[in-house]
Amino acid sequence: MATPDSLVDLLARCALRDRHAFERLYRQASPVLYGLLLKLTHDRELAADLLQEGFVRIWQRAGDYRPALGQPLTWMGSIVRHLTIDRLRRGEHRHHAELDDAGWEHVAAPGLSPEEQLHLEQGDHALVRCLEGLEAEPRRAVLLAYFEGLTHDAIAQSLDRPLGTVKAWVRRSLQRLKICLGEAA
């Protein structure tokens, strides 16, 4: 039996519009992403729709994936997670999935803080170093947005801070990370 292609290689080939690589990527990653979507929505039909839409976005954005910034499944998972958040926010679904902040936390990685999850999933020392250069609360806001898929409103509630403050923290922190990672490259 042939060994499965690495997801990093498949994404790189998808960026070059290799349809066969996309089919293999779908076969390897779709079970994990569908499981994530099912946990988020509790609706098989909606999860299947979001999976299809997610893979369209993955195909379109494959060139944006950077292995140094994270694992392929983490990157693809964030795409489908954000699609889910957008769909649930707009109410374009048959059944409303009741996901409060605690529900989103269970999906991310039960028992692990965003910081612990970062260290486990990323393995990129430059990103970790750059994140450690941020102040504690802005760093926490970025990690809540990225790993737990929380909206600015949910982050503001979680951190008990004004919405404008959270938005500024996330925006400035992402700018600082971009500069820091550019210097590290």
# chains A, B, ... in the order shown; residues from 1 in each chain; ligands from 1
>>> residues_around(residues="Val56 of chain A", least_positions_apart="2", cutoff="12 Å", atoms="only C-alpha atoms", output="PDB file with N, CA, C and O atoms, in the first residue's frame")
ATOM      1  N   CYS A  14      -1.702  21.861  -4.808  1.00  0.00           N
ATOM      2  CA  CYS A  14      -3.001  22.500  -5.050  1.00  0.00           C
ATOM      3  C   CYS A  14      -2.811  23.964  -5.437  1.00  0.00           C
ATOM      4  O   CYS A  14      -3.549  24.491  -6.268  1.00  0.00           O
ATOM      5  N   PHE A  22      -5.508  17.749  -5.244  1.00  0.00           N
ATOM      6  CA  PHE A  22      -6.680  18.221  -4.508  1.00  0.00           C
ATOM      7  C   PHE A  22      -7.583  17.039  -4.118  1.00  0.00           C
ATOM      8  O   PHE A  22      -8.088  16.984  -2.994  1.00  0.00           O
ATOM      9  N   GLU A  23      -7.749  16.099  -5.026  1.00  0.00           N
ATOM     10  CA  GLU A  23      -8.553  14.905  -4.711  1.00  0.00           C
ATOM     11  C   GLU A  23      -7.934  14.126  -3.552  1.00  0.00           C
ATOM     12  O   GLU A  23      -8.645  13.685  -2.643  1.00  0.00           O
ATOM     13  N   TYR A  26      -8.410  16.042  -0.329  1.00  0.00           N
ATOM     14  CA  TYR A  26      -9.785  15.875   0.140  1.00  0.00           C
ATOM     15  C   TYR A  26      -9.955  14.519   0.834  1.00  0.00           C
ATOM     16  O   TYR A  26     -10.518  14.442   1.933  1.00  0.00           O
ATOM     17  N   ASP A  49     -22.394  20.612   3.807  1.00  0.00           N
ATOM     18  CA  ASP A  49     -22.370  21.842   3.000  1.00  0.00           C
ATOM     19  C   ASP A  49     -21.141  22.686   3.324  1.00  0.00           C
ATOM     20  O   ASP A  49     -20.469  23.193   2.422  1.00  0.00           O
ATOM     21  N   LEU A  50     -20.863  22.845   4.605  1.00  0.00           N
ATOM     22  CA  LEU A  50     -19.704  23.640   5.023  1.00  0.00           C
ATOM     23  C   LEU A  50     -18.390  22.980   4.611  1.00  0.00           C
ATOM     24  O   LEU A  50     -17.442  23.673   4.259  1.00  0.00           O
ATOM     25  N   LEU A  51     -18.354  21.649   4.626  1.00  0.00           N
ATOM     26  CA  LEU A  51     -17.148  20.946   4.187  1.00  0.00           C
ATOM     27  C   LEU A  51     -16.884  21.238   2.709  1.00  0.00           C
ATOM     28  O   LEU A  51     -15.760  21.545   2.321  1.00  0.00           O
ATOM     29  N   GLN A  52     -17.935  21.164   1.896  1.00  0.00           N
ATOM     30  CA  GLN A  52     -17.774  21.445   0.468  1.00  0.00           C
ATOM     31  C   GLN A  52     -17.315  22.888   0.252  1.00  0.00           C
ATOM     32  O   GLN A  52     -16.371  23.149  -0.491  1.00  0.00           O
ATOM     33  N   GLU A  53     -17.977  23.825   0.915  1.00  0.00           N
ATOM     34  CA  GLU A  53     -17.599  25.234   0.793  1.00  0.00           C
ATOM     35  C   GLU A  53     -16.183  25.465   1.312  1.00  0.00           C
ATOM     36  O   GLU A  53     -15.399  26.227   0.731  1.00  0.00           O
ATOM     37  N   GLY A  54     -15.827  24.773   2.394  1.00  0.00           N
ATOM     38  CA  GLY A  54     -14.481  24.898   2.954  1.00  0.00           C
ATOM     39  C   GLY A  54     -13.418  24.416   1.982  1.00  0.00           C
ATOM     40  O   GLY A  54     -12.381  25.069   1.821  1.00  0.00           O
ATOM     41  N   ILE A  58     -10.252  26.260   0.447  1.00  0.00           N
ATOM     42  CA  ILE A  58      -8.906  25.689   0.575  1.00  0.00           C
ATOM     43  C   ILE A  58      -8.239  25.648  -0.797  1.00  0.00           C
ATOM     44  O   ILE A  58      -7.078  26.001  -0.941  1.00  0.00           O
ATOM     45  N   TRP A  59      -8.978  25.236  -1.824  1.00  0.00           N
ATOM     46  CA  TRP A  59      -8.454  25.201  -3.191  1.00  0.00           C
ATOM     47  C   TRP A  59      -8.050  26.609  -3.639  1.00  0.00           C
ATOM     48  O   TRP A  59      -6.977  26.806  -4.185  1.00  0.00           O
ATOM     49  N   GLN A  60      -8.917  27.589  -3.369  1.00  0.00           N
ATOM     50  CA  GLN A  60      -8.651  28.964  -3.784  1.00  0.00           C
ATOM     51  C   GLN A  60      -7.466  29.573  -3.036  1.00  0.00           C
ATOM     52  O   GLN A  60      -6.736  30.394  -3.587  1.00  0.00           O
ATOM     53  N   ARG A  61      -7.286  29.188  -1.783  1.00  0.00           N
ATOM     54  CA  ARG A  61      -6.263  29.814  -0.934  1.00  0.00           C
ATOM     55  C   ARG A  61      -5.042  28.937  -0.691  1.00  0.00           C
ATOM     56  O   ARG A  61      -4.206  29.282   0.146  1.00  0.00           O
ATOM     57  N   ALA A  62      -4.914  27.836  -1.371  1.00  0.00           N
ATOM     58  CA  ALA A  62      -3.810  26.910  -1.113  1.00  0.00           C
ATOM     59  C   ALA A  62      -2.458  27.610  -1.190  1.00  0.00           C
ATOM     60  O   ALA A  62      -1.535  27.283  -0.440  1.00  0.00           O
ATOM     61  N   MET A  76      -6.367  24.407   7.626  1.00  0.00           N
ATOM     62  CA  MET A  76      -7.644  24.065   6.985  1.00  0.00           C
ATOM     63  C   MET A  76      -8.783  24.122   7.996  1.00  0.00           C
ATOM     64  O   MET A  76      -9.888  24.558   7.663  1.00  0.00           O
ATOM     65  N   ILE A  79     -10.058  27.585   8.432  1.00  0.00           N
ATOM     66  CA  ILE A  79     -10.905  28.014   7.317  1.00  0.00           C
ATOM     67  C   ILE A  79     -12.334  27.521   7.518  1.00  0.00           C
ATOM     68  O   ILE A  79     -13.286  28.302   7.425  1.00  0.00           O
ATOM     69  N   VAL A  80     -12.510  26.232   7.822  1.00  0.00           N
ATOM     70  CA  VAL A  80     -13.871  25.722   7.989  1.00  0.00           C
ATOM     71  C   VAL A  80     -14.515  26.251   9.266  1.00  0.00           C
ATOM     72  O   VAL A  80     -15.728  26.473   9.305  1.00  0.00           O
ATOM     73  N   LEU A  83     -15.805  29.692   8.418  1.00  0.00           N
ATOM     74  CA  LEU A  83     -17.009  29.557   7.590  1.00  0.00           C
ATOM     75  C   LEU A  83     -18.218  29.237   8.471  1.00  0.00           C
ATOM     76  O   LEU A  83     -19.301  29.780   8.268  1.00  0.00           O
TER      77      LEU A  83
END
>>> residues_around(residues="Arg81 of chain A", least_positions_apart="3", cutoff="9 Å", atoms="only C-alpha atoms", output="mmCIF file with N, CA and C atoms, in the first residue's frame")
data_model
loop_
_atom_site.group_PDB
_atom_site.id
_atom_site.type_symbol
_atom_site.label_atom_id
_atom_site.label_comp_id
_atom_site.auth_asym_id
_atom_site.auth_seq_id
_atom_site.Cartn_x
_atom_site.Cartn_y
_atom_site.Cartn_z
ATOM 1 N N LEU A 36 -14.912 17.835 12.769
ATOM 2 C CA LEU A 36 -14.888 19.144 13.412
ATOM 3 C C LEU A 36 -16.191 19.888 13.136
ATOM 4 N N LEU A 37 -16.615 19.883 11.876
ATOM 5 C CA LEU A 37 -17.844 20.585 11.504
ATOM 6 C C LEU A 37 -19.064 19.979 12.172
ATOM 7 N N LEU A 40 -19.243 21.239 15.616
ATOM 8 C CA LEU A 40 -19.635 22.643 15.667
ATOM 9 C C LEU A 40 -21.114 22.846 15.398
ATOM 10 N N GLY A 54 -15.827 24.773 2.394
ATOM 11 C CA GLY A 54 -14.481 24.898 2.954
ATOM 12 C C GLY A 54 -13.418 24.416 1.982
ATOM 13 N N MET A 76 -6.367 24.407 7.626
ATOM 14 C CA MET A 76 -7.644 24.065 6.985
ATOM 15 C C MET A 76 -8.783 24.122 7.996
ATOM 16 N N GLY A 77 -8.501 23.703 9.234
ATOM 17 C CA GLY A 77 -9.519 23.755 10.282
ATOM 18 C C GLY A 77 -9.963 25.174 10.578
ATOM 19 N N SER A 78 -9.021 26.115 10.535
ATOM 20 C CA SER A 78 -9.406 27.507 10.787
ATOM 21 C C SER A 78 -10.286 28.039 9.660
ATOM 22 N N THR A 84 -18.009 28.346 9.420
ATOM 23 C CA THR A 84 -19.088 27.954 10.328
ATOM 24 C C THR A 84 -19.555 29.137 11.153
ATOM 25 N N ILE A 85 -18.627 29.885 11.695
ATOM 26 C CA ILE A 85 -18.983 31.058 12.496
ATOM 27 C C ILE A 85 -19.788 32.036 11.652
ATOM 28 N N ASP A 86 -19.315 32.299 10.438
ATOM 29 C CA ASP A 86 -20.035 33.219 9.547
ATOM 30 C C ASP A 86 -21.430 32.709 9.237
ATOM 31 N N GLU A 148 -9.549 29.278 19.024
ATOM 32 C CA GLU A 148 -10.892 28.938 19.465
ATOM 33 C C GLU A 148 -11.951 29.514 18.546
ATOM 34 N N GLY A 149 -11.536 30.296 17.563
ATOM 35 C CA GLY A 149 -12.482 30.819 16.588
ATOM 36 C C GLY A 149 -13.482 31.804 17.169
#
>>> residues_around(residues="segment 133-143 of chain A", least_positions_apart="6", cutoff="7 Å", atoms="only C-alpha atoms", output="mmCIF file with C-alpha atoms, in the first residue's frame")
data_model
loop_
_atom_site.group_PDB
_atom_site.id
_atom_site.type_symbol
_atom_site.label_atom_id
_atom_site.label_comp_id
_atom_site.auth_asym_id
_atom_site.auth_seq_id
_atom_site.Cartn_x
_atom_site.Cartn_y
_atom_site.Cartn_z
ATOM 1 C CA PRO A 114 -4.482 28.208 23.604
ATOM 2 C CA ILE A 155 -13.281 37.664 23.214
ATOM 3 C CA VAL A 166 -10.097 43.875 21.862
ATOM 4 C CA TRP A 169 -5.338 44.485 20.414
ATOM 5 C CA VAL A 170 -5.970 41.917 17.696
ATOM 6 C CA SER A 173 -0.872 42.248 17.508
#
>>> closest_residue(among="A:Leu16, A:Ala145, A:Val32, A:Leu88", to="Arg171 of chain A", atoms="only C-alpha atoms")
A:Ala145
